[in-house]
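Asker: Here you go, this is start-v4.tsv (TSV, C-alpha atoms).
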```tsv
chain	number	residue	atom	x	y	z
J	115	MET	CA	0.00	0.00	0.00
J	116	ALA	CA	1.41	3.38	-0.96
J	117	SER	CA	2.08	5.71	1.92
J	118	PRO	CA	-0.22	8.78	1.95
J	119	SER	CA	1.24	12.21	1.29
J	120	ARG	CA	1.49	14.95	3.89
J	121	THR	CA	-1.32	16.93	2.26
J	122	GLU	CA	-3.60	13.90	2.34
J	123	ILE	CA	-2.93	13.38	6.03
J	124	ILE	CA	-3.56	17.05	6.85
J	125	SER	CA	-6.72	16.92	4.79
J	126	LEU	CA	-7.94	13.82	6.67
J	127	PHE	CA	-7.20	15.57	9.95
J	128	ARG	CA	-9.18	18.59	8.85
J	129	SER	CA	-12.10	16.49	7.61
J	130	LEU	CA	-12.27	14.67	10.94
J	131	LEU	CA	-12.31	17.96	12.83
J	132	ARG	CA	-14.99	19.28	10.50
J	133	SER	CA	-17.19	16.25	11.03
J	134	ALA	CA	-16.61	16.55	14.78
J	135	ARG	CA	-18.21	19.98	14.64
J	136	GLN	CA	-21.43	18.53	13.20
J	137	PHE	CA	-22.48	16.75	16.37
J	138	PRO	CA	-25.30	18.55	18.17
J	139	ASP	CA	-24.27	17.21	21.56
J	140	TYR	CA	-21.47	19.09	23.27
J	141	ASN	CA	-19.87	16.01	24.86
J	142	ILE	CA	-19.70	14.05	21.64
J	143	ARG	CA	-18.52	17.06	19.71
J	144	GLU	CA	-15.65	17.59	22.11
J	145	TYR	CA	-14.90	13.89	22.38
J	146	THR	CA	-14.59	13.46	18.63
J	147	LYS	CA	-12.35	16.49	18.41
J	148	ARG	CA	-10.18	15.38	21.30
J	149	ARG	CA	-9.88	11.86	19.98
J	150	THR	CA	-8.91	13.08	16.50
J	151	ILE	CA	-6.20	15.35	17.86
J	152	ASP	CA	-4.89	12.78	20.32
J	153	SER	CA	-4.62	9.96	17.82
J	154	PHE	CA	-2.91	12.11	15.20
J	155	ARG	CA	-0.41	13.21	17.85
J	156	HIS	CA	0.02	9.63	18.98
J	157	ASN	CA	0.93	8.52	15.47
J	158	LYS	CA	3.14	11.53	14.80
J	159	THR	CA	6.34	9.54	15.13
J	160	LEU	CA	5.40	6.73	12.72
J	161	SER	CA	8.06	6.32	10.06
J	162	ASP	CA	7.41	2.91	8.55
J	163	PRO	CA	5.42	3.46	5.31
J	164	SER	CA	3.16	0.45	5.86
J	165	SER	CA	2.19	1.52	9.39
J	166	ILE	CA	1.55	5.07	8.16
J	167	ALA	CA	-0.70	3.64	5.47
J	168	ALA	CA	-2.49	1.44	8.01
J	169	ALA	CA	-3.06	4.39	10.36
J	170	PHE	CA	-4.28	6.49	7.45
J	171	SER	CA	-6.83	3.93	6.30
J	172	ASP	CA	-7.95	3.49	9.90
J	173	GLY	CA	-8.46	7.25	10.11
J	174	LYS	CA	-10.44	7.16	6.89
J	175	SER	CA	-12.79	4.51	8.21
J	176	GLN	CA	-13.16	6.52	11.43
J	177	LEU	CA	-14.12	9.51	9.31
J	178	GLN	CA	-16.90	7.45	7.72
J	179	VAL	CA	-18.10	6.46	11.19
J	180	ALA	CA	-18.02	10.07	12.40
J	181	ARG	CA	-19.95	11.32	9.36
J	182	ARG	CA	-22.58	8.61	9.68
J	183	GLN	CA	-22.97	9.12	13.40
J	184	ALA	CA	-23.24	12.88	13.00
J	185	VAL	CA	-26.28	12.29	10.81
J	186	VAL	CA	-27.79	9.78	13.25
J	187	TYR	CA	-27.21	12.05	16.22
J	188	SER	CA	-28.68	15.01	14.41
J	189	LEU	CA	-31.93	13.06	14.05
J	190	TYR	CA	-32.12	12.70	17.81
J	191	ALA	CA	-30.70	16.06	18.76
J	192	PRO	CA	-31.59	17.28	22.24
J	193	GLU	CA	-34.08	20.12	22.26
J	194	ILE	CA	-31.90	22.15	24.58
J	195	LYS	CA	-28.44	22.77	23.20
J	196	SER	CA	-26.87	23.61	26.51
J	197	ILE	CA	-27.96	23.14	30.11
J	198	MET	CA	-27.22	26.83	30.52
J	199	ASP	CA	-30.41	27.46	28.54
J	200	VAL	CA	-32.63	25.61	31.02
J	201	LYS	CA	-35.07	27.97	32.74
J	202	HIS	CA	-36.19	27.20	36.26
B	1348	MET	CA	-13.08	51.38	2.60
B	1349	ALA	CA	-13.15	53.55	-0.51
B	1350	ALA	CA	-16.53	52.17	-1.46
B	1351	ARG	CA	-17.85	52.88	2.01
B	1352	ASN	CA	-16.64	56.50	1.88
B	1353	ALA	CA	-18.17	56.97	-1.51
B	1354	ILE	CA	-21.51	55.70	-0.28
B	1355	LEU	CA	-21.39	57.90	2.79
B	1356	LYS	CA	-20.49	60.97	0.77
B	1357	HIS	CA	-23.32	60.32	-1.60
B	1358	LEU	CA	-25.70	59.83	1.28
B	1359	ARG	CA	-24.67	63.02	3.03
B	1360	VAL	CA	-25.33	65.07	-0.07
B	1361	SER	CA	-28.72	63.56	-0.66
B	1362	VAL	CA	-29.85	63.93	2.94
B	1363	LYS	CA	-28.93	67.59	3.48
B	1364	PRO	CA	-31.49	69.43	1.30
B	1365	VAL	CA	-34.43	67.50	2.75
B	1366	LEU	CA	-33.42	68.30	6.27
B	1367	SER	CA	-32.64	72.00	5.85
B	1368	SER	CA	-36.06	72.59	4.34
B	1369	SER	CA	-38.05	70.56	6.85
B	1370	THR	CA	-36.44	71.56	10.14
B	1371	SER	CA	-36.83	75.13	11.34
B	1372	GLN	CA	-35.21	75.04	14.77
B	1373	ASN	CA	-31.69	73.92	15.34
B	1374	PRO	CA	-31.41	72.22	11.98
B	1375	ARG	CA	-27.70	71.51	12.14
B	1376	LEU	CA	-27.97	69.45	15.28
B	1377	ILE	CA	-30.78	67.26	14.03
B	1378	GLU	CA	-29.06	66.92	10.70
B	1379	ARG	CA	-25.91	65.69	12.33
B	1380	GLY	CA	-27.85	63.23	14.45
B	1381	LEU	CA	-29.57	61.83	11.42
B	1382	ILE	CA	-26.36	61.52	9.50
B	1383	GLN	CA	-24.85	59.67	12.43
B	1384	LEU	CA	-27.81	57.36	12.38
B	1385	PHE	CA	-27.47	56.69	8.67
B	1386	ARG	CA	-23.75	56.28	8.91
B	1387	ARG	CA	-24.04	53.71	11.66
B	1388	HIS	CA	-26.66	51.84	9.73
B	1389	PHE	CA	-24.54	51.80	6.63
B	1390	SER	CA	-21.29	50.83	8.27
B	1391	GLU	CA	-23.08	47.88	9.85
B	1392	GLU	CA	-24.21	46.76	6.45
B	1393	VAL	CA	-20.79	47.21	4.96
B	1394	ARG	CA	-19.22	45.33	7.83
B	1395	GLY	CA	-21.46	42.42	6.93
B	1396	SER	CA	-19.47	42.02	3.74
B	1397	PHE	CA	-15.93	43.08	4.71
B	1398	LEU	CA	-14.53	43.36	8.19
B	1399	ASP	CA	-12.31	46.16	9.34
B	1400	LYS	CA	-8.70	45.04	9.32
B	1401	SER	CA	-7.78	46.28	12.79
B	1402	GLU	CA	-10.81	44.53	14.24
B	1403	VAL	CA	-9.85	41.31	12.47
B	1404	THR	CA	-6.30	41.59	13.82
B	1405	ASP	CA	-7.60	42.01	17.38
B	1406	ARG	CA	-9.93	39.06	17.13
B	1407	VAL	CA	-7.35	36.81	15.51
B	1408	VAL	CA	-4.75	37.66	18.14
B	1409	THR	CA	-7.23	37.01	20.99
B	1410	CYS	CA	-8.31	33.76	19.40
B	1411	VAL	CA	-4.72	32.55	18.95
B	1412	LYS	CA	-3.82	33.56	22.50
B	1413	ASN	CA	-6.51	31.24	23.81
B	1414	PHE	CA	-4.59	28.22	22.57
B	1415	GLN	CA	-3.16	26.06	25.29
B	1416	LYS	CA	0.13	25.41	23.58
B	1417	ILE	CA	0.83	29.00	22.71
B	1418	ASP	CA	2.64	31.36	25.03
B	1419	PRO	CA	0.32	34.44	24.95
B	1420	SER	CA	3.24	36.84	25.33
B	1421	LYS	CA	4.71	35.64	22.04
B	1422	VAL	CA	1.58	36.39	20.04
B	1423	THR	CA	2.05	39.49	17.91
B	1424	PRO	CA	0.16	40.58	14.80
B	1425	THR	CA	3.12	39.47	12.67
B	1426	ALA	CA	3.98	36.18	14.37
B	1427	HIS	CA	4.59	33.11	12.19
B	1428	PHE	CA	2.82	29.99	13.48
B	1429	GLN	CA	5.70	27.57	13.04
B	1430	ASN	CA	8.75	29.80	13.37
B	1431	ASP	CA	7.65	32.18	16.14
B	1432	LEU	CA	4.97	30.27	18.02
B	1433	GLY	CA	6.54	26.82	17.71
B	1434	LEU	CA	3.46	25.12	16.27
B	1435	ASP	CA	3.57	22.05	14.05
B	1436	SER	CA	1.37	21.40	11.03
B	1437	LEU	CA	-1.40	19.79	13.11
B	1438	ASP	CA	-1.51	22.78	15.47
B	1439	THR	CA	-1.74	25.11	12.51
B	1440	VAL	CA	-4.80	23.22	11.27
B	1441	GLU	CA	-6.35	23.56	14.74
B	1442	VAL	CA	-5.67	27.29	14.80
B	1443	VAL	CA	-7.23	27.78	11.38
B	1444	MET	CA	-10.28	25.74	12.44
B	1445	ALA	CA	-10.64	27.91	15.53
B	1446	LEU	CA	-10.48	31.01	13.33
B	1447	GLU	CA	-13.23	29.55	11.15
B	1448	GLU	CA	-15.41	29.20	14.21
B	1449	GLU	CA	-14.57	32.69	15.42
B	1450	PHE	CA	-15.47	34.30	12.10
B	1451	GLY	CA	-18.31	31.98	11.20
B	1452	PHE	CA	-17.29	30.86	7.74
B	1453	GLU	CA	-15.53	27.94	6.16
B	1454	ILE	CA	-12.00	28.18	4.77
B	1455	SER	CA	-11.37	25.75	1.93
B	1456	ASP	CA	-8.54	23.23	2.28
B	1457	ASN	CA	-6.11	24.79	-0.17
B	1458	GLU	CA	-6.68	28.27	1.28
B	1459	ALA	CA	-6.23	26.93	4.80
B	1460	ASP	CA	-2.96	25.23	3.83
B	1461	LYS	CA	-1.53	28.57	2.77
B	1462	ILE	CA	-2.24	30.31	6.08
B	1463	SER	CA	1.02	30.14	7.98
B	1464	SER	CA	1.16	33.36	9.99
B	1465	ILE	CA	-1.15	35.71	11.83
B	1466	ASN	CA	-0.53	38.37	9.21
B	1467	HIS	CA	-1.61	36.04	6.46
B	1468	ALA	CA	-4.71	34.95	8.36
B	1469	VAL	CA	-5.74	38.57	8.93
B	1470	ASP	CA	-5.27	39.44	5.26
B	1471	PHE	CA	-7.29	36.45	4.18
B	1472	ILE	CA	-10.16	37.01	6.61
B	1473	ALA	CA	-10.33	40.75	5.91
B	1474	SER	CA	-10.61	40.05	2.19
B	1475	HIS	CA	-13.28	37.41	2.66
B	1476	PRO	CA	-16.85	38.68	2.23
B	1477	HIS	CA	-18.47	36.02	4.44
B	1478	ALA	CA	-16.41	36.67	7.57
B	1479	LYS	CA	-18.46	38.06	10.44
```
How does this structure look as structure tokens?
Answerer:
Amino acid sequence: MASPSRTEIISLFRSLLRSARQFPDYNIREYTKRRTIDSFRHNKTLSDPSSIAAAFSDGKSQLQVARRQAVVYSLYAPEIKSIMDVKH
Amino acid sequence: MAARNAILKHLRVSVKPVLSSSTSQNPRLIERGLIQLFRRHFSEEVRGSFLDKSEVTDRVVTCVKNFQKIDPSKVTPTAHFQNDLGLDSLDTVEVVMALEEEFGFEISDNEADKISSINHAVDFIASHPHAK
């Protein structure tokens, strides 16, 4: 498997962060963002082309999951966006 | 900026005759008040399309200072993300994403790749009609 280019990796990173923003729920939004950033940092030191390619394709499948779940979650979005909006 | 001045100048000329004929007492004062009103209204509209550069600089600098990894004292309007602030390529992507959120518009991938300093970000955002 050919190792992905730097631009492709940056683009995947950006797409994951963009899909993270789609979640209506604050916790999931932040979790997806945090997980994206952490795993890219974790794999920063990879140098073996095959492991880079494996990590890249894993990231791509995670992107599919995030996109799909963002749609599912948006169908069941909470009515109140933030508990700060709750009126007593 | 030039367009805004042109519009304001045009407006001022067209407003004056109406006012001087209709107001008998203290016309200058009312006239000025009305012009202020119009000017504010117009600048708001203009700002909807292009933001003022100094305002953009302020907001970008504040936004960048909020980053955990960045030493706020190092942030200057001309700082380079990688050379001056010590960010790597992933951090730069995060900064640009944060700027997107701050200004409420989406920066396309190839534009975002080019943004490498605060100066550059300010120029780009100030020239972008959808920034708010």
Asker: Take every atom of stretch 1431-1444 of chain B listed in the file, pad by 3 Å on each side, and give me the axis-aligned box centre and edge lengths in Å, one decimal, as lines of an AutoDock Vina configuration file.
Answerer:
```
center_x = -1.3
center_y = 26.0
center_z = 14.5
size_x = 23.9
size_y = 18.4
size_z = 13.0
```
Asker: With 9 Å as the limit and counting all atoms listed in the file, what residues in chain B lie close to chain J? Please list them as a compact mmCIF listing (two decimals) with C-alpha atoms, in the frame of the given file.
Answerer:
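Listed below is the output, part-v6.txt:
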```
# COMPACT_ATOMS: atom_id res chain seq x y z
CA SER B 1436 1.37 21.40 11.03
CA LEU B 1437 -1.40 19.79 13.11
CA VAL B 1440 -4.80 23.22 11.27
CA GLU B 1441 -6.35 23.56 14.74
CA MET B 1444 -10.28 25.74 12.44
CA ASP B 1456 -8.54 23.23 2.28
CA ASP B 1460 -2.96 25.23 3.83
```
Asker: Quick one: of B:His1467, B:Lys1461, B:His1427, B:His1477, who's nearest to B:Thr1404, counting only C-alpha atoms?
Answerer: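 Selected residue with least distance to B:Thr1404: B:His1467.
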Asker: Rounded to one decimal in Å, what is the spacing between atom CA of B:Gly1433 and atom CA of J:Leu130?
Answerer: 23.4 Å
Asker: In Å, rounded to a single decimal, give me how far atom CA of B:Thr1439 is from atom CA of B:Asp1470.
Answerer: 16.4 Å
Asker: Here's a test: counting all atoms listed in the file, identify every protein, DNA and RNA residue with an atom at most 12 Å from (-16.8, 32.6, 12.2) in the file's coordinate frame, and state them as a PyMOL selection string.
Answerer: chain B and resi 1398+1403+1406-1407+1410+1443-1454+1472+1475-1479
Asker: Those residues you just picked out, can you put them in a file as an mmCIF file, in the coordinates of the input with C-alpha atoms?
Answerer:
```cif
data_model
loop_
_atom_site.group_PDB
_atom_site.id
_atom_site.type_symbol
_atom_site.label_atom_id
_atom_site.label_comp_id
_atom_site.auth_asym_id
_atom_site.auth_seq_id
_atom_site.Cartn_x
_atom_site.Cartn_y
_atom_site.Cartn_z
ATOM 1 C CA LEU B 1398 -14.530 43.360 8.190
ATOM 2 C CA VAL B 1403 -9.850 41.310 12.470
ATOM 3 C CA ARG B 1406 -9.930 39.060 17.130
ATOM 4 C CA VAL B 1407 -7.350 36.810 15.510
ATOM 5 C CA CYS B 1410 -8.310 33.760 19.400
ATOM 6 C CA VAL B 1443 -7.230 27.780 11.380
ATOM 7 C CA MET B 1444 -10.280 25.740 12.440
ATOM 8 C CA ALA B 1445 -10.640 27.910 15.530
ATOM 9 C CA LEU B 1446 -10.480 31.010 13.330
ATOM 10 C CA GLU B 1447 -13.230 29.550 11.150
ATOM 11 C CA GLU B 1448 -15.410 29.200 14.210
ATOM 12 C CA GLU B 1449 -14.570 32.690 15.420
ATOM 13 C CA PHE B 1450 -15.470 34.300 12.100
ATOM 14 C CA GLY B 1451 -18.310 31.980 11.200
ATOM 15 C CA PHE B 1452 -17.290 30.860 7.740
ATOM 16 C CA GLU B 1453 -15.530 27.940 6.160
ATOM 17 C CA ILE B 1454 -12.000 28.180 4.770
ATOM 18 C CA ILE B 1472 -10.160 37.010 6.610
ATOM 19 C CA HIS B 1475 -13.280 37.410 2.660
ATOM 20 C CA PRO B 1476 -16.850 38.680 2.230
ATOM 21 C CA HIS B 1477 -18.470 36.020 4.440
ATOM 22 C CA ALA B 1478 -16.410 36.670 7.570
ATOM 23 C CA LYS B 1479 -18.460 38.060 10.440
#
```
Asker: Can you tell me how far atom CA of B:Thr1423 sits from atom CA of B:Asp1435, in Å to one decimal?
Answerer: 17.9 Å
